[in-house]
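Colleague: The structure file run.cif (mmCIF, C-alpha atoms, pLDDT in the B column; chains and numbers go by the auth columns) is provided below.
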```cif
data_protein
#
loop_
_atom_site.group_PDB
_atom_site.id
_atom_site.type_symbol
_atom_site.label_atom_id
_atom_site.label_comp_id
_atom_site.label_asym_id
_atom_site.label_seq_id
_atom_site.Cartn_x
_atom_site.Cartn_y
_atom_site.Cartn_z
_atom_site.B_iso_or_equiv
_atom_site.auth_seq_id
_atom_site.auth_asym_id
ATOM 1 C CA MET A 1 85.158 137.413 79.993 45.00 18 A
ATOM 2 C CA LYS A 2 85.771 140.423 82.174 45.00 19 A
ATOM 3 C CA TRP A 3 86.396 141.058 85.846 45.00 20 A
ATOM 4 C CA LEU A 4 83.816 142.780 88.007 44.00 21 A
ATOM 5 C CA SER A 5 84.843 144.352 91.284 44.00 22 A
ATOM 6 C CA GLY A 6 82.495 145.414 93.985 47.00 23 A
ATOM 7 C CA GLY A 7 83.036 145.723 97.688 46.00 24 A
ATOM 8 C CA SER A 8 85.415 143.084 98.995 44.00 25 A
ATOM 9 C CA LYS A 9 84.814 140.460 96.258 45.00 26 A
ATOM 10 C CA SER A 10 86.041 140.236 92.690 43.00 27 A
ATOM 11 C CA MET A 11 84.197 137.997 90.283 44.00 28 A
ATOM 12 C CA LEU A 12 84.757 136.760 86.764 46.00 29 A
ATOM 13 C CA LEU A 13 81.894 137.429 84.368 46.00 30 A
ATOM 14 C CA ASN A 14 81.770 134.590 81.820 51.00 31 A
ATOM 15 C CA ASN A 15 79.008 134.634 79.192 55.00 32 A
ATOM 16 C CA GLY A 16 76.643 136.390 81.557 54.00 33 A
ATOM 17 C CA ARG A 17 77.398 134.021 84.447 58.00 34 A
ATOM 18 C CA ILE A 18 79.432 134.950 87.479 55.00 35 A
ATOM 19 C CA SER A 19 82.105 132.529 88.679 57.00 36 A
ATOM 20 C CA VAL A 20 83.708 132.821 92.089 61.00 37 A
ATOM 21 C CA PRO A 21 86.656 130.523 92.814 63.00 38 A
ATOM 22 C CA THR A 22 85.935 128.090 95.652 67.00 39 A
ATOM 23 C CA PRO A 23 87.931 128.387 98.893 69.00 40 A
ATOM 24 C CA GLY A 24 89.400 124.890 98.333 64.00 41 A
ATOM 25 C CA PHE A 25 90.645 125.887 94.883 62.00 42 A
ATOM 26 C CA LEU A 26 92.192 129.073 96.241 64.00 43 A
ATOM 27 C CA ILE A 27 93.928 127.182 99.070 68.00 44 A
ATOM 28 C CA ALA A 28 95.318 124.574 96.642 64.00 45 A
ATOM 29 C CA LEU A 29 96.491 127.324 94.277 62.00 46 A
ATOM 30 C CA ALA A 30 98.174 129.229 97.113 64.00 47 A
ATOM 31 C CA PHE A 31 99.841 126.004 98.285 61.00 48 A
ATOM 32 C CA LEU A 32 101.222 125.280 94.809 60.00 49 A
ATOM 33 C CA ILE A 33 102.553 128.827 94.457 63.00 50 A
ATOM 34 C CA LEU A 34 104.154 128.623 97.899 60.00 51 A
ATOM 35 C CA LEU A 35 105.599 125.196 97.118 58.00 52 A
ATOM 36 C CA ALA A 36 107.087 126.454 93.857 56.00 53 A
ATOM 37 C CA ALA A 37 108.543 129.528 95.581 52.00 54 A
ATOM 38 C CA CYS A 38 110.022 127.519 98.447 53.00 55 A
ATOM 39 C CA THR A 39 111.620 124.882 96.237 51.00 56 A
ATOM 40 C CA ALA A 40 112.926 127.215 93.526 56.00 57 A
ATOM 41 C CA GLY A 41 116.471 127.404 94.944 61.00 58 A
ATOM 42 C CA MET A 42 116.634 123.788 96.115 76.00 59 A
ATOM 43 C CA SER A 43 118.279 120.832 94.450 86.00 60 A
ATOM 44 C CA VAL A 44 116.068 118.052 93.096 89.00 61 A
ATOM 45 C CA ARG A 45 117.037 115.903 96.115 90.00 62 A
ATOM 46 C CA GLN A 46 116.124 118.674 98.580 92.00 63 A
ATOM 47 C CA GLN A 47 112.791 119.212 96.839 93.00 64 A
ATOM 48 C CA PHE A 48 112.080 115.502 97.135 94.00 65 A
ATOM 49 C CA ALA A 49 112.899 115.507 100.855 94.00 66 A
ATOM 50 C CA VAL A 50 110.590 118.450 101.541 94.00 67 A
ATOM 51 C CA GLN A 51 107.736 117.086 99.466 95.00 68 A
ATOM 52 C CA TYR A 52 107.716 113.504 100.738 95.00 69 A
ATOM 53 C CA VAL A 53 107.907 114.702 104.357 96.00 70 A
ATOM 54 C CA ASP A 54 104.983 117.109 103.788 96.00 71 A
ATOM 55 C CA TYR A 55 102.972 114.384 102.041 96.00 72 A
ATOM 56 C CA ASN A 56 103.499 111.927 104.891 96.00 73 A
ATOM 57 C CA ASN A 57 102.644 114.562 107.480 96.00 74 A
ATOM 58 C CA TYR A 58 99.311 115.142 105.709 95.00 75 A
ATOM 59 C CA LEU A 59 98.762 111.377 105.740 93.00 76 A
ATOM 60 C CA ARG A 60 99.596 111.220 109.464 94.00 77 A
ATOM 61 C CA TRP A 61 97.239 114.099 110.293 93.00 78 A
ATOM 62 C CA GLY A 62 94.424 112.720 108.142 88.00 79 A
ATOM 63 C CA GLU A 63 94.457 115.749 105.821 90.00 80 A
ATOM 64 C CA PHE A 64 93.729 113.647 102.759 86.00 81 A
ATOM 65 C CA ASP A 65 92.494 116.518 100.577 87.00 82 A
ATOM 66 C CA LYS A 66 95.913 118.163 100.869 92.00 83 A
ATOM 67 C CA MET A 67 97.585 114.926 99.778 92.00 84 A
ATOM 68 C CA LYS A 68 95.929 115.222 96.361 90.00 85 A
ATOM 69 C CA VAL A 69 98.187 118.168 95.496 90.00 86 A
ATOM 70 C CA PHE A 70 101.154 115.766 95.484 93.00 87 A
ATOM 71 C CA MET A 71 99.511 113.206 93.194 91.00 88 A
ATOM 72 C CA THR A 72 99.581 112.945 89.459 82.00 89 A
ATOM 73 C CA GLY A 73 96.291 114.100 87.951 80.00 90 A
ATOM 74 C CA GLU A 74 94.939 110.663 87.125 81.00 91 A
ATOM 75 C CA LEU A 75 95.292 109.487 90.740 89.00 92 A
ATOM 76 C CA GLN A 76 93.565 112.442 92.376 88.00 93 A
ATOM 77 C CA GLN A 77 90.052 111.110 91.741 87.00 94 A
ATOM 78 C CA ASP A 78 91.104 107.600 92.775 89.00 95 A
ATOM 79 C CA LEU A 79 92.328 109.026 96.091 88.00 96 A
ATOM 80 C CA ALA A 80 89.041 110.880 96.586 85.00 97 A
ATOM 81 C CA ASP A 81 87.140 107.607 96.009 85.00 98 A
ATOM 82 C CA ARG A 82 89.378 105.739 98.448 83.00 99 A
ATOM 83 C CA ILE A 83 88.868 108.446 101.086 80.00 100 A
ATOM 84 C CA LYS A 84 85.084 108.063 100.792 80.00 101 A
ATOM 85 C CA LYS A 85 85.334 104.285 101.250 79.00 102 A
ATOM 86 C CA GLY A 86 87.497 104.654 104.363 74.00 103 A
ATOM 87 C CA SER A 87 85.712 107.605 105.928 78.00 104 A
ATOM 88 C CA ASP A 88 85.789 106.028 109.396 82.00 105 A
ATOM 89 C CA ILE A 89 89.562 105.320 109.267 88.00 106 A
ATOM 90 C CA LYS A 90 91.812 107.251 111.627 90.00 107 A
ATOM 91 C CA ILE A 91 95.596 107.263 111.228 92.00 108 A
ATOM 92 C CA SER A 92 97.445 106.949 114.526 93.00 109 A
ATOM 93 C CA ASP A 93 101.030 106.936 113.191 96.00 110 A
ATOM 94 C CA VAL A 94 103.102 106.984 110.024 96.00 111 A
ATOM 95 C CA ARG A 95 106.703 105.779 110.256 97.00 112 A
ATOM 96 C CA GLU A 96 109.297 106.067 107.527 97.00 113 A
ATOM 97 C CA LEU A 97 110.960 102.696 106.931 97.00 114 A
ATOM 98 C CA LYS A 98 113.062 103.262 103.822 97.00 115 A
ATOM 99 C CA VAL A 99 113.837 106.021 101.310 97.00 116 A
ATOM 100 C CA GLN A 100 115.373 105.108 97.975 96.00 117 A
ATOM 101 C CA TYR A 101 116.651 107.956 95.819 93.00 118 A
ATOM 102 C CA GLU A 102 119.531 107.950 93.352 89.00 119 A
ATOM 103 C CA GLU A 103 121.152 111.270 92.503 87.00 120 A
ATOM 104 C CA GLY A 104 120.185 112.358 88.991 85.00 121 A
ATOM 105 C CA SER A 105 117.192 110.041 88.824 89.00 122 A
ATOM 106 C CA ASN A 106 113.621 111.221 88.248 92.00 123 A
ATOM 107 C CA ASP A 107 112.225 108.325 90.298 95.00 124 A
ATOM 108 C CA ALA A 108 112.244 107.616 94.018 96.00 125 A
ATOM 109 C CA GLU A 109 110.502 105.344 96.506 97.00 126 A
ATOM 110 C CA VAL A 110 109.507 105.821 100.117 98.00 127 A
ATOM 111 C CA GLU A 111 108.262 102.941 102.239 98.00 128 A
ATOM 112 C CA VAL A 112 106.188 103.848 105.292 97.00 129 A
ATOM 113 C CA GLU A 113 104.325 101.872 107.918 97.00 130 A
ATOM 114 C CA ILE A 114 100.877 103.200 108.763 96.00 131 A
ATOM 115 C CA GLU A 115 99.108 102.437 112.011 96.00 132 A
ATOM 116 C CA TYR A 116 95.371 102.993 111.737 93.00 133 A
ATOM 117 C CA TYR A 117 92.045 102.012 113.220 92.00 134 A
ATOM 118 C CA ARG A 118 88.399 102.116 112.317 88.00 135 A
ATOM 119 C CA GLN A 119 86.355 104.249 114.661 87.00 136 A
ATOM 120 C CA SER A 120 83.766 101.474 114.803 88.00 137 A
ATOM 121 C CA SER A 121 86.220 98.883 116.180 87.00 138 A
ATOM 122 C CA GLY A 122 89.125 100.737 117.774 80.00 139 A
ATOM 123 C CA ARG A 123 91.507 97.846 116.980 92.00 140 A
ATOM 124 C CA VAL A 124 94.865 99.188 115.735 94.00 141 A
ATOM 125 C CA LYS A 125 96.164 97.655 112.507 94.00 142 A
ATOM 126 C CA LYS A 126 99.259 98.201 110.384 95.00 143 A
ATOM 127 C CA ALA A 127 99.773 98.571 106.643 94.00 144 A
ATOM 128 C CA ILE A 128 102.824 99.150 104.479 96.00 145 A
ATOM 129 C CA TYR A 129 102.603 101.901 101.868 96.00 146 A
ATOM 130 C CA LEU A 130 105.227 101.873 99.113 97.00 147 A
ATOM 131 C CA GLN A 131 105.145 105.369 97.635 97.00 148 A
ATOM 132 C CA LYS A 132 106.431 105.669 94.084 97.00 149 A
ATOM 133 C CA TRP A 133 107.523 109.212 93.252 96.00 150 A
ATOM 134 C CA ILE A 134 108.396 110.825 89.924 95.00 151 A
ATOM 135 C CA TYR A 135 109.947 114.227 89.152 95.00 152 A
ATOM 136 C CA ILE A 136 107.923 115.763 86.328 92.00 153 A
ATOM 137 C CA GLU A 137 107.023 119.108 84.837 88.00 154 A
ATOM 138 C CA GLU A 138 103.372 120.222 85.018 83.00 155 A
ATOM 139 C CA ASN A 139 102.192 123.605 83.801 83.00 156 A
ATOM 140 C CA GLY A 140 105.769 124.856 83.571 87.00 157 A
ATOM 141 C CA VAL A 141 106.656 123.819 87.148 85.00 158 A
ATOM 142 C CA LYS A 142 108.884 120.855 87.966 89.00 159 A
ATOM 143 C CA ALA A 143 107.874 118.961 91.085 91.00 160 A
ATOM 144 C CA TRP A 144 107.831 115.538 92.678 94.00 161 A
ATOM 145 C CA ARG A 145 104.506 113.693 92.354 94.00 162 A
ATOM 146 C CA VAL A 146 103.260 110.466 93.914 95.00 163 A
ATOM 147 C CA ARG A 147 102.288 107.728 91.445 94.00 164 A
ATOM 148 C CA SER A 148 100.859 105.264 93.971 94.00 165 A
ATOM 149 C CA LEU A 149 97.775 105.359 96.171 92.00 166 A
ATOM 150 C CA PRO A 150 97.773 104.703 99.907 91.00 167 A
ATOM 151 C CA PRO A 151 96.773 101.145 100.761 88.00 168 A
ATOM 152 C CA GLY A 152 93.142 100.153 101.052 80.00 169 A
ATOM 153 C CA PHE A 153 92.394 99.858 104.749 74.00 170 A
ATOM 154 C CA ASP A 154 90.539 96.662 105.603 67.00 171 A
#
```
Just dump the structure as structure tokens.

Modeller:
Amino acid sequence: MKWLSGGSKSMLLNNGRISVPTPGFLIALAFLILLAACTAGMSVRQQFAVQYVDYNNYLRWGEFDKMKVFMTGELQQDLADRIKKGSDIKISDVRELKVQYEEGSNDAEVEVEIEYYRQSSGRVKKAIYLQKWIYIEENGVKAWRVRSLPPGFD
């Protein structure tokens, strides 16, 4: 493998094929680097507070692809499948009901109430989402990750 540079693009030459990172991959990578930089001087509790608030904001705004960054690897595809099934779902509000975190623990829970509607009906419904979080190390970086999927919206 070797790098080729030309004009404004750099490309990786791999066995005669040229690979260019996708914009989504680059955005996710930049987000992880920024997240690691921002949380480096924070306590574990502070990191948790920042990450669960960001995660729930992405849920509230319907930015489901960004939520995958907070999930453990095995759940990322499950979330993508759930997003496809509920493609006509719109989130109108996400309210934090309860946060359970014990100092020194690698586990935490956040309970939120989600108000949502299907574009086809417009009727607002509610669902409870119990988020199970774990503090783990991945690729040399310690971070909080969600171990539970959002509810299926009926």

Colleague: Using only C-alpha atoms, can you tell me which of A:Tyr75, A:Ala97, A:Arg62, A:Asn123 comes closest to Glu154 of chain A?

Modeller: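 Among the listed residues, the smallest separation from Glu154 of chain A belongs to A:Asn123.
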
Colleague: Return as a PDB file with C-alpha atoms, in the frame of the given file the set of residues that the PyMOL selection byres ((chain A and resi 130) around 10) yields on the displayed structure.

Modeller:
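Output below, filename selection_19.pdb:
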```pdb
ATOM      1  CA  ASP A 110     101.030 106.936 113.191  1.00 96.00           C
ATOM      2  CA  VAL A 111     103.102 106.984 110.024  1.00 96.00           C
ATOM      3  CA  ARG A 112     106.703 105.779 110.256  1.00 97.00           C
ATOM      4  CA  GLU A 113     109.297 106.067 107.527  1.00 97.00           C
ATOM      5  CA  LEU A 114     110.960 102.696 106.931  1.00 97.00           C
ATOM      6  CA  LYS A 115     113.062 103.262 103.822  1.00 97.00           C
ATOM      7  CA  GLU A 128     108.262 102.941 102.239  1.00 98.00           C
ATOM      8  CA  VAL A 129     106.188 103.848 105.292  1.00 97.00           C
ATOM      9  CA  ILE A 131     100.877 103.200 108.763  1.00 96.00           C
ATOM     10  CA  GLU A 132      99.108 102.437 112.011  1.00 96.00           C
ATOM     11  CA  TYR A 133      95.371 102.993 111.737  1.00 93.00           C
ATOM     12  CA  LYS A 143      99.259  98.201 110.384  1.00 95.00           C
ATOM     13  CA  ALA A 144      99.773  98.571 106.643  1.00 94.00           C
ATOM     14  CA  ILE A 145     102.824  99.150 104.479  1.00 96.00           C
ATOM     15  CA  TYR A 146     102.603 101.901 101.868  1.00 96.00           C
ATOM     16  CA  LEU A 147     105.227 101.873  99.113  1.00 97.00           C
TER      17      LEU A 147
END
```

Colleague: Quick check, in Å to one decimal: how far apart do atom CA of Arg140 of chain A and atom CA of Asn74 of chain A lie?

Modeller: 22.2 Å

Colleague: Nearest residue to Ser104 of chain A out of A:Gly90, A:Gly121, A:Gly169, A:Gly157, using only C-alpha atoms?

Modeller: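 Closest candidate: A:Gly169.
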
Colleague: In terms of the shortest atom-to-atom distance over all atoms listed in the file, which of A:Ser122, A:Thr89, A:Ser165, A:Gln148 is closest to Val61 of chain A?

Modeller: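 Smallest separation from Val61 of chain A among the options: A:Ser122.
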
Colleague: If I take atom CA of Tyr134 of chain A and atom CA of Val116 of chain A, how far is one from the other in Å, to one decimal?

Modeller: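 Atom CA of Tyr134 of chain A sits 25.2 Å away from atom CA of Val116 of chain A.
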
Colleague: Find the residues near Gly79 of chain A: any atom within 9 Å, counting all atoms listed in the file, skip ones fewer than 3 places away on the same chain, and give them as a PyMOL selection string.

Modeller: chain A and resi 74-76+82+106-108

Colleague: Here is a test: counting only C-alpha atoms, which residue of A:Asp105, A:Glu119, A:Gly139, A:Gln68 is nearest to Met88 of chain A?

Modeller: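 Under the stated criterion, the closest residue is A:Gln68.
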
Colleague: Can you list, as a count of residues only, every protein, DNA or RNA residue that comes within 9 Å of Tyr72 of chain A when you count all atoms listed in the file, leaving out same-chain residues fewer than 4 positions away?

Modeller: 8

Colleague: Just the number, please: distance in Å from atom CA of Phe81 of chain A to atom CA of Val158 of chain A, one decimal.

Modeller: 22.7 Å

Colleague: List, as a list in words, every residue that the PyMOL selection byres ((chain A and resi 166) around 8) selects in the file provided.

Modeller: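 Those residues are Leu92, Asp95, Leu96, Gln148, Val163, Arg164, Ser165, Pro167 and Pro168 of chain A.
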
Colleague: Closest to Ser109 of chain A among A:Trp78, A:Gln63, A:Val70, A:Tyr152, using only C-alpha atoms?

Modeller: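 So, comparing all the options, the nearest one is A:Trp78.
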
Colleague: Take segment 108-142 of chain A, model N, CA and C atoms, and hand the result over as a PDB file, in the coordinates of the input.

Modeller:
```pdb
ATOM      1  N   ILE A 108      94.173 107.600 111.239  1.00 92.00           N
ATOM      2  CA  ILE A 108      95.596 107.263 111.228  1.00 92.00           C
ATOM      3  C   ILE A 108      96.169 107.617 112.597  1.00 92.00           C
ATOM      4  N   SER A 109      96.843 106.658 113.224  1.00 93.00           N
ATOM      5  CA  SER A 109      97.445 106.949 114.526  1.00 93.00           C
ATOM      6  C   SER A 109      98.946 107.213 114.415  1.00 93.00           C
ATOM      7  N   ASP A 110      99.602 106.675 113.360  1.00 96.00           N
ATOM      8  CA  ASP A 110     101.030 106.936 113.191  1.00 96.00           C
ATOM      9  C   ASP A 110     101.460 106.579 111.778  1.00 96.00           C
ATOM     10  N   VAL A 111     102.472 107.279 111.306  1.00 96.00           N
ATOM     11  CA  VAL A 111     103.102 106.984 110.024  1.00 96.00           C
ATOM     12  C   VAL A 111     104.611 107.012 110.281  1.00 96.00           C
ATOM     13  N   ARG A 112     105.268 105.878 110.023  1.00 97.00           N
ATOM     14  CA  ARG A 112     106.703 105.779 110.256  1.00 97.00           C
ATOM     15  C   ARG A 112     107.432 105.490 108.945  1.00 97.00           C
ATOM     16  N   GLU A 113     108.461 106.259 108.708  1.00 97.00           N
ATOM     17  CA  GLU A 113     109.297 106.067 107.527  1.00 97.00           C
ATOM     18  C   GLU A 113     110.194 104.854 107.756  1.00 97.00           C
ATOM     19  N   LEU A 114     110.129 103.892 106.828  1.00 97.00           N
ATOM     20  CA  LEU A 114     110.960 102.696 106.931  1.00 97.00           C
ATOM     21  C   LEU A 114     112.177 102.761 106.017  1.00 97.00           C
ATOM     22  N   LYS A 115     111.970 103.252 104.793  1.00 97.00           N
ATOM     23  CA  LYS A 115     113.062 103.262 103.822  1.00 97.00           C
ATOM     24  C   LYS A 115     112.817 104.346 102.780  1.00 97.00           C
ATOM     25  N   VAL A 116     113.880 105.038 102.393  1.00 97.00           N
ATOM     26  CA  VAL A 116     113.837 106.021 101.310  1.00 97.00           C
ATOM     27  C   VAL A 116     114.879 105.606 100.297  1.00 97.00           C
ATOM     28  N   GLN A 117     114.459 105.497  99.047  1.00 96.00           N
ATOM     29  CA  GLN A 117     115.373 105.108  97.975  1.00 96.00           C
ATOM     30  C   GLN A 117     115.363 106.198  96.918  1.00 96.00           C
ATOM     31  N   TYR A 118     116.502 106.882  96.797  1.00 93.00           N
ATOM     32  CA  TYR A 118     116.651 107.956  95.819  1.00 93.00           C
ATOM     33  C   TYR A 118     118.067 107.898  95.279  1.00 93.00           C
ATOM     34  N   GLU A 119     118.215 107.915  93.974  1.00 89.00           N
ATOM     35  CA  GLU A 119     119.531 107.950  93.352  1.00 89.00           C
ATOM     36  C   GLU A 119     119.719 109.317  92.718  1.00 89.00           C
ATOM     37  N   GLU A 120     120.842 109.945  93.030  1.00 87.00           N
ATOM     38  CA  GLU A 120     121.152 111.270  92.503  1.00 87.00           C
ATOM     39  C   GLU A 120     121.040 111.263  90.980  1.00 87.00           C
ATOM     40  N   GLY A 121     120.357 112.243  90.432  1.00 85.00           N
ATOM     41  CA  GLY A 121     120.185 112.358  88.991  1.00 85.00           C
ATOM     42  C   GLY A 121     119.004 111.581  88.440  1.00 85.00           C
ATOM     43  N   SER A 122     118.342 110.822  89.275  1.00 89.00           N
ATOM     44  CA  SER A 122     117.192 110.041  88.824  1.00 89.00           C
ATOM     45  C   SER A 122     115.911 110.852  88.981  1.00 89.00           C
ATOM     46  N   ASN A 123     114.931 110.573  88.141  1.00 92.00           N
ATOM     47  CA  ASN A 123     113.621 111.221  88.248  1.00 92.00           C
ATOM     48  C   ASN A 123     112.617 110.343  88.982  1.00 92.00           C
ATOM     49  N   ASP A 124     113.083 109.246  89.560  1.00 95.00           N
ATOM     50  CA  ASP A 124     112.225 108.325  90.298  1.00 95.00           C
ATOM     51  C   ASP A 124     112.765 108.138  91.708  1.00 95.00           C
ATOM     52  N   ALA A 125     111.857 107.899  92.635  1.00 96.00           N
ATOM     53  CA  ALA A 125     112.244 107.616  94.018  1.00 96.00           C
ATOM     54  C   ALA A 125     111.138 106.783  94.662  1.00 96.00           C
ATOM     55  N   GLU A 126     111.489 106.124  95.755  1.00 97.00           N
ATOM     56  CA  GLU A 126     110.502 105.344  96.506  1.00 97.00           C
ATOM     57  C   GLU A 126     110.660 105.635  97.988  1.00 97.00           C
ATOM     58  N   VAL A 127     109.530 105.667  98.670  1.00 98.00           N
ATOM     59  CA  VAL A 127     109.507 105.821 100.117  1.00 98.00           C
ATOM     60  C   VAL A 127     108.587 104.736 100.653  1.00 98.00           C
ATOM     61  N   GLU A 128     109.073 103.979 101.615  1.00 98.00           N
ATOM     62  CA  GLU A 128     108.262 102.941 102.239  1.00 98.00           C
ATOM     63  C   GLU A 128     107.921 103.408 103.653  1.00 98.00           C
ATOM     64  N   VAL A 129     106.624 103.439 103.959  1.00 97.00           N
ATOM     65  CA  VAL A 129     106.188 103.848 105.292  1.00 97.00           C
ATOM     66  C   VAL A 129     105.265 102.780 105.878  1.00 97.00           C
ATOM     67  N   GLU A 130     105.253 102.734 107.196  1.00 97.00           N
ATOM     68  CA  GLU A 130     104.325 101.872 107.918  1.00 97.00           C
ATOM     69  C   GLU A 130     103.253 102.769 108.521  1.00 97.00           C
ATOM     70  N   ILE A 131     102.013 102.414 108.274  1.00 96.00           N
ATOM     71  CA  ILE A 131     100.877 103.200 108.763  1.00 96.00           C
ATOM     72  C   ILE A 131     100.156 102.406 109.836  1.00 96.00           C
ATOM     73  N   GLU A 132      99.968 103.020 110.983  1.00 96.00           N
ATOM     74  CA  GLU A 132      99.108 102.437 112.011  1.00 96.00           C
ATOM     75  C   GLU A 132      97.783 103.167 111.929  1.00 96.00           C
ATOM     76  N   TYR A 133      96.698 102.405 111.903  1.00 93.00           N
ATOM     77  CA  TYR A 133      95.371 102.993 111.737  1.00 93.00           C
ATOM     78  C   TYR A 133      94.342 102.168 112.489  1.00 93.00           C
ATOM     79  N   TYR A 134      93.166 102.743 112.613  1.00 92.00           N
ATOM     80  CA  TYR A 134      92.045 102.012 113.220  1.00 92.00           C
ATOM     81  C   TYR A 134      90.745 102.543 112.644  1.00 92.00           C
ATOM     82  N   ARG A 135      89.755 101.697 112.681  1.00 88.00           N
ATOM     83  CA  ARG A 135      88.399 102.116 112.317  1.00 88.00           C
ATOM     84  C   ARG A 135      87.734 102.611 113.585  1.00 88.00           C
ATOM     85  N   GLN A 136      87.028 103.708 113.488  1.00 87.00           N
ATOM     86  CA  GLN A 136      86.355 104.249 114.661  1.00 87.00           C
ATOM     87  C   GLN A 136      85.345 103.259 115.224  1.00 87.00           C
ATOM     88  N   SER A 137      84.778 102.430 114.356  1.00 88.00           N
ATOM     89  CA  SER A 137      83.766 101.474 114.803  1.00 88.00           C
ATOM     90  C   SER A 137      84.358 100.326 115.624  1.00 88.00           C
ATOM     91  N   SER A 138      85.650 100.014 115.438  1.00 87.00           N
ATOM     92  CA  SER A 138      86.220  98.883 116.180  1.00 87.00           C
ATOM     93  C   SER A 138      87.277  99.305 117.194  1.00 87.00           C
ATOM     94  N   GLY A 139      88.087 100.278 116.862  1.00 80.00           N
ATOM     95  CA  GLY A 139      89.125 100.737 117.774  1.00 80.00           C
ATOM     96  C   GLY A 139      90.365  99.857 117.772  1.00 80.00           C
ATOM     97  N   ARG A 140      90.352  98.742 117.044  1.00 92.00           N
ATOM     98  CA  ARG A 140      91.507  97.846 116.980  1.00 92.00           C
ATOM     99  C   ARG A 140      92.559  98.418 116.033  1.00 92.00           C
ATOM    100  N   VAL A 141      93.791  98.601 116.535  1.00 94.00           N
ATOM    101  CA  VAL A 141      94.865  99.188 115.735  1.00 94.00           C
ATOM    102  C   VAL A 141      95.436  98.129 114.798  1.00 94.00           C
ATOM    103  N   LYS A 142      95.590  98.525 113.529  1.00 94.00           N
ATOM    104  CA  LYS A 142      96.164  97.655 112.507  1.00 94.00           C
ATOM    105  C   LYS A 142      97.335  98.381 111.860  1.00 94.00           C
TER     106      LYS A 142
END
```
